[in-house]
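Engineer: Right, I'll just put the structure down here and ask away after.
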Amino acid sequence: MNDSSWGAPPQAGYWGPSDQGPAQGAGPAGPAYDAHYAQQTRPMPIVPDVPEHGGDQDDDQGTARLSGPLFRDEPFHDQPGRDEPYRDQNPSAQPYAVVPQNPEPMPVAPQPAQPQPPQKKSAGRDLGAAIGVGVGLGVVIIASLFFVKAVFVGVIAVAVVVGLWELTKRLAERKSIKAPLVPLAVGGAAMVVAGYARGAEGAWTAMALTALAVLVWRMTEPPEGYLRDVTAGVFAAFYVPFLATFVAMMLAADDGAWRVLVFLILTVVSDTGAYAVGWRFGRKKLAPRISPGKTREGLLGAVAFAMAAGALCTQFLIDDGTWWQGLLLGLAVAVSATLGDLGESMIKRDLGIKDMGTLLPGHGGIMDRLDSLLPTAPVVWLLLVIFVGSG
């Protein structure tokens, strides 16, 4: 045997140099079966190696794959006709399986960041509902104020009772403080009527009797928390009905309806100026720990709007009033209204609530509308008495 035949695959039925049999003394050079069985043997197709850990091997399609379908009876759908030569030579042969490989995902180009549209400032409330409720309340107040004074006194008393109910309810819910509502409501309504009928003397007398009624009423319950509850009750009596009594005292003057109207206009204008200027130009916080929404610019807006309105109202609506008195009155109203708003915000912060109630859509509760009115009432009453007398 020569060197060129070393390692060459033997042909079918080859037994040596001749077809008669093996040469003497030489081992067989072919397979250990005859040509008949060799012709019936189906050749094994060549399967390319697949890396053990899923490495890629590139073929004609650029992806790692084997050269057959997934199942033996499926054709080569991706490359039609690829297996036909093999089938022509070996009709009985079946295609072998394909192990598909997942191609690497195509890299996605990063999308440029879309610019965000500027966000509009929000008032935090339903402005339409707030305006509608405000107009409705204004109509009721004006109608009762100029037609029958006693009706307006009743409006004040109702507002006081509802405000007391909201305040005592929130104290009980958030702090477990049980300020007695019954003596507060009865004494508060009596306080308003006494202030209208008897002036400051009647208001102070009703306030003292209301405080005494709170002390006695609370004695009907266990002593635990007595001091806390009666202290909150006396505070509520002073904060809501006693301050509201000064509105009734303004109404008792001859031009009382106009005085109350000026008081309401200046307070509303002050709040509106603070909101409008602060919303548009507000940058520096006025009292961030108490009311983060209030700004110094808003306070300046409240002062400017209230002083302008005060000069006009005092000159044209108040008997014997002058414009410079209106400037001082507007300045005082802006300061007292802002302090009153901050005072109620302090109470709500302590209670952990946003609004005192939900009675007025867009406004919150009655107390959320009385916050700036209550401390402003004694200021306006006192300045008008100084400027033009008690009437």
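Residue names in the structure tokens use chain letters A, B, ... in the order shown, residue numbers from 1 in each chain, and ligand numbers from 1 in the order shown.
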Pick out each residue of stretch 289-318 of chain A that DSSP on the backbone tags as strand (DSSP E); I need them as a list of chain:residue names.
Structural biologist: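 Checking each residue of stretch 289-318 of chain A, the strand (DSSP E) ones are A:Ser291, A:Pro292, A:Gly293, A:Lys294, A:Thr295.
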Engineer: Selection from above, C-alpha atoms, as a CSV table (one decimal), in the first residue's frame, can you write it?
Structural biologist:
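This went into result.csv:
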```csv
chain,number,residue,atom,x,y,z
A,291,SER,CA,-49.0,78.9,53.7
A,292,PRO,CA,-46.6,78.0,50.9
A,293,GLY,CA,-48.9,79.5,48.3
A,294,LYS,CA,-48.7,83.1,49.6
A,295,THR,CA,-45.9,85.3,48.3
```
Engineer: Do you know which residues are at most 10 Å from A:Ala253 counting only C-alpha atoms, after dropping those on the same chain fewer than 3 positions away, and could you put them as a list in words?
Structural biologist: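 Counting only the stated atoms, we get Tyr196, Ala248, Met249, Met250, Gly256, Ala257, Trp258, Arg259, Val260, Val385, Gly389, Ser390 and Gly391 of chain A.
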Engineer: Give me the residues near A:Val380 as a ChimeraX atom specification, where near means some atom within 12 Å (using only C-alpha atoms) and where sequence neighbours in that chain fewer than 5 positions away do not count.
Structural biologist: /A:243-244,246-247,249-251,259-267,310,314,325-326,328-337,373-375,385-388,390
Engineer: Could you save the residues just selected, with C-alpha atoms, as a JSON list (two decimals), in the first residue's frame?
Structural biologist:
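Listed below is the output, out-v2.json:
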```json
[["chain", "number", "residue", "atom", "x", "y", "z"],
["A", 243, "LEU", "CA", -65.44, 88.76, 65.77],
["A", 244, "ALA", "CA", -68.50, 88.42, 63.52],
["A", 246, "PHE", "CA", -68.54, 93.67, 64.71],
["A", 247, "VAL", "CA", -70.25, 93.24, 61.32],
["A", 249, "MET", "CA", -72.38, 96.53, 64.96],
["A", 250, "MET", "CA", -71.40, 98.23, 61.67],
["A", 251, "LEU", "CA", -74.87, 97.43, 60.32],
["A", 259, "ARG", "CA", -70.32, 100.41, 55.77],
["A", 260, "VAL", "CA", -70.81, 96.65, 55.59],
["A", 261, "LEU", "CA", -70.65, 96.81, 51.80],
["A", 262, "VAL", "CA", -67.33, 98.70, 51.93],
["A", 263, "PHE", "CA", -66.01, 96.16, 54.43],
["A", 264, "LEU", "CA", -66.95, 93.27, 52.13],
["A", 265, "ILE", "CA", -65.64, 94.96, 48.97],
["A", 266, "LEU", "CA", -62.26, 95.81, 50.50],
["A", 267, "THR", "CA", -61.77, 92.30, 51.88],
["A", 310, "GLY", "CA", -60.56, 101.98, 49.78],
["A", 314, "THR", "CA", -64.67, 105.86, 51.23],
["A", 325, "GLN", "CA", -59.02, 107.84, 54.87],
["A", 326, "GLY", "CA", -59.80, 105.17, 52.32],
["A", 328, "LEU", "CA", -55.42, 104.00, 55.30],
["A", 329, "LEU", "CA", -58.49, 101.80, 55.53],
["A", 330, "GLY", "CA", -57.40, 99.77, 52.49],
["A", 331, "LEU", "CA", -53.91, 99.31, 53.92],
["A", 332, "ALA", "CA", -55.30, 98.10, 57.24],
["A", 333, "VAL", "CA", -57.71, 95.73, 55.50],
["A", 334, "ALA", "CA", -54.93, 94.19, 53.39],
["A", 335, "VAL", "CA", -52.82, 93.53, 56.47],
["A", 336, "SER", "CA", -55.65, 92.18, 58.66],
["A", 337, "ALA", "CA", -57.06, 90.00, 55.87],
["A", 373, "LEU", "CA", -63.42, 88.48, 57.06],
["A", 374, "LEU", "CA", -63.48, 87.74, 60.78],
["A", 375, "PRO", "CA", -60.30, 89.58, 61.88],
["A", 385, "VAL", "CA", -65.86, 105.01, 64.03],
["A", 386, "ILE", "CA", -62.64, 107.06, 64.27],
["A", 387, "PHE", "CA", -62.99, 108.62, 60.80],
["A", 388, "VAL", "CA", -66.73, 109.34, 60.56],
["A", 390, "SER", "CA", -70.49, 105.60, 65.09]]
```
Engineer: Measuring atom to atom with only C-alpha atoms, identify which of A:Pro241, A:Asp255, A:Thr272, A:Val182 is nearest to A:Asp319.
Structural biologist: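 So, comparing all the options, the nearest one is A:Asp255.
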Engineer: Per residue of stretch 317-383 of chain A within 10 Å of stretch 175-179 of chain A, note the shortest atom pair and the distance in Å to one decimal, counting only C-alpha atoms, and order the rows by chain and increasing residue number, as a Markdown table.
Structural biologist:
```
| residue | atom | partner | partner_atom | distance |
| --- | --- | --- | --- | --- |
| A:Asp350 | CA | A:Lys175 | CA | 9.2 |
| A:Leu351 | CA | A:Lys175 | CA | 7.0 |
| A:Gly352 | CA | A:Lys175 | CA | 9.8 |
```
Engineer: Go ahead and save the picked residues with C-alpha atoms, as a CSV table (one decimal), in the first residue's frame.
Structural biologist:
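Here's the written file part.csv:
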```
chain,number,residue,atom,x,y,z
A,350,ASP,CA,-52.0,71.9,63.1
A,351,LEU,CA,-55.1,69.8,62.3
A,352,GLY,CA,-53.5,68.4,59.1
```
Engineer: Per DSSP on the backbone, filter stretch 246-301 of chain A down to the residues in helix (DSSP H, G or I) and report them as a PyMOL selection string.
Structural biologist: chain A and resi 246-251+256-281+296-301
Engineer: For stretch 141-225 of chain A against stretch 235-240 of chain A, with a cut-off of 9 Å and counting only C-alpha atoms, what is the closest atom pair and its distance in Å to one decimal for every residue that makes the cut, ordered by chain and number, as a Markdown table?
Structural biologist:
```
| residue | atom | partner | partner_atom | distance |
| --- | --- | --- | --- | --- |
| A:Val160 | CA | A:Val240 | CA | 6.2 |
| A:Val161 | CA | A:Val240 | CA | 8.7 |
| A:Gly163 | CA | A:Val240 | CA | 7.0 |
| A:Leu164 | CA | A:Val240 | CA | 6.8 |
| A:Leu167 | CA | A:Ala236 | CA | 7.6 |
| A:Thr168 | CA | A:Ala236 | CA | 7.9 |
| A:Ala179 | CA | A:Ala236 | CA | 8.3 |
| A:Leu184 | CA | A:Ala237 | CA | 6.2 |
| A:Ala185 | CA | A:Ala237 | CA | 8.7 |
| A:Gly187 | CA | A:Ala237 | CA | 8.0 |
| A:Gly188 | CA | A:Ala237 | CA | 6.7 |
| A:Met207 | CA | A:Ala237 | CA | 7.2 |
| A:Thr210 | CA | A:Ala237 | CA | 7.2 |
| A:Ala211 | CA | A:Ala237 | CA | 7.2 |
```
Engineer: Please dump the current selection as a PDB file, in the first residue's frame; keep C-alpha atoms.
Structural biologist:
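Generated file (again-v9.pdb):
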```pdb
ATOM      1  CA  VAL A 160     -71.573  81.770  62.578  1.00  0.00           C
ATOM      2  CA  VAL A 161     -73.408  78.580  63.558  1.00  0.00           C
ATOM      3  CA  GLY A 163     -68.635  77.940  61.041  1.00  0.00           C
ATOM      4  CA  LEU A 164     -68.735  76.747  64.665  1.00  0.00           C
ATOM      5  CA  LEU A 167     -64.514  74.055  63.558  1.00  0.00           C
ATOM      6  CA  THR A 168     -65.697  71.838  66.427  1.00  0.00           C
ATOM      7  CA  ALA A 179     -65.660  71.557  72.393  1.00  0.00           C
ATOM      8  CA  LEU A 184     -71.424  77.644  71.354  1.00  0.00           C
ATOM      9  CA  ALA A 185     -74.131  77.730  68.675  1.00  0.00           C
ATOM     10  CA  GLY A 187     -74.376  81.736  72.498  1.00  0.00           C
ATOM     11  CA  GLY A 188     -72.881  82.639  69.098  1.00  0.00           C
ATOM     12  CA  MET A 207     -69.469  86.602  75.047  1.00  0.00           C
ATOM     13  CA  THR A 210     -71.321  81.975  76.271  1.00  0.00           C
ATOM     14  CA  ALA A 211     -67.970  81.185  77.902  1.00  0.00           C
TER      15      ALA A 211
END
```
Engineer: Atom CA of A:Ala377 and atom CA of A:Lys285 are how many Å apart?
Structural biologist: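 Result for atom CA of A:Ala377 versus atom CA of A:Lys285: 26.5 Å, one decimal.
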Engineer: By how many Å are atom CA of A:Lys169 and atom CA of A:Ile290 apart?
Structural biologist: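 Separation of atom CA of A:Lys169 and atom CA of A:Ile290: 21.8 Å.
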Engineer: So how far away is atom CA of A:Ala159 from atom CA of A:Gly202, in Å?
Structural biologist: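 That distance, rounded to one decimal, is 19.6 Å.
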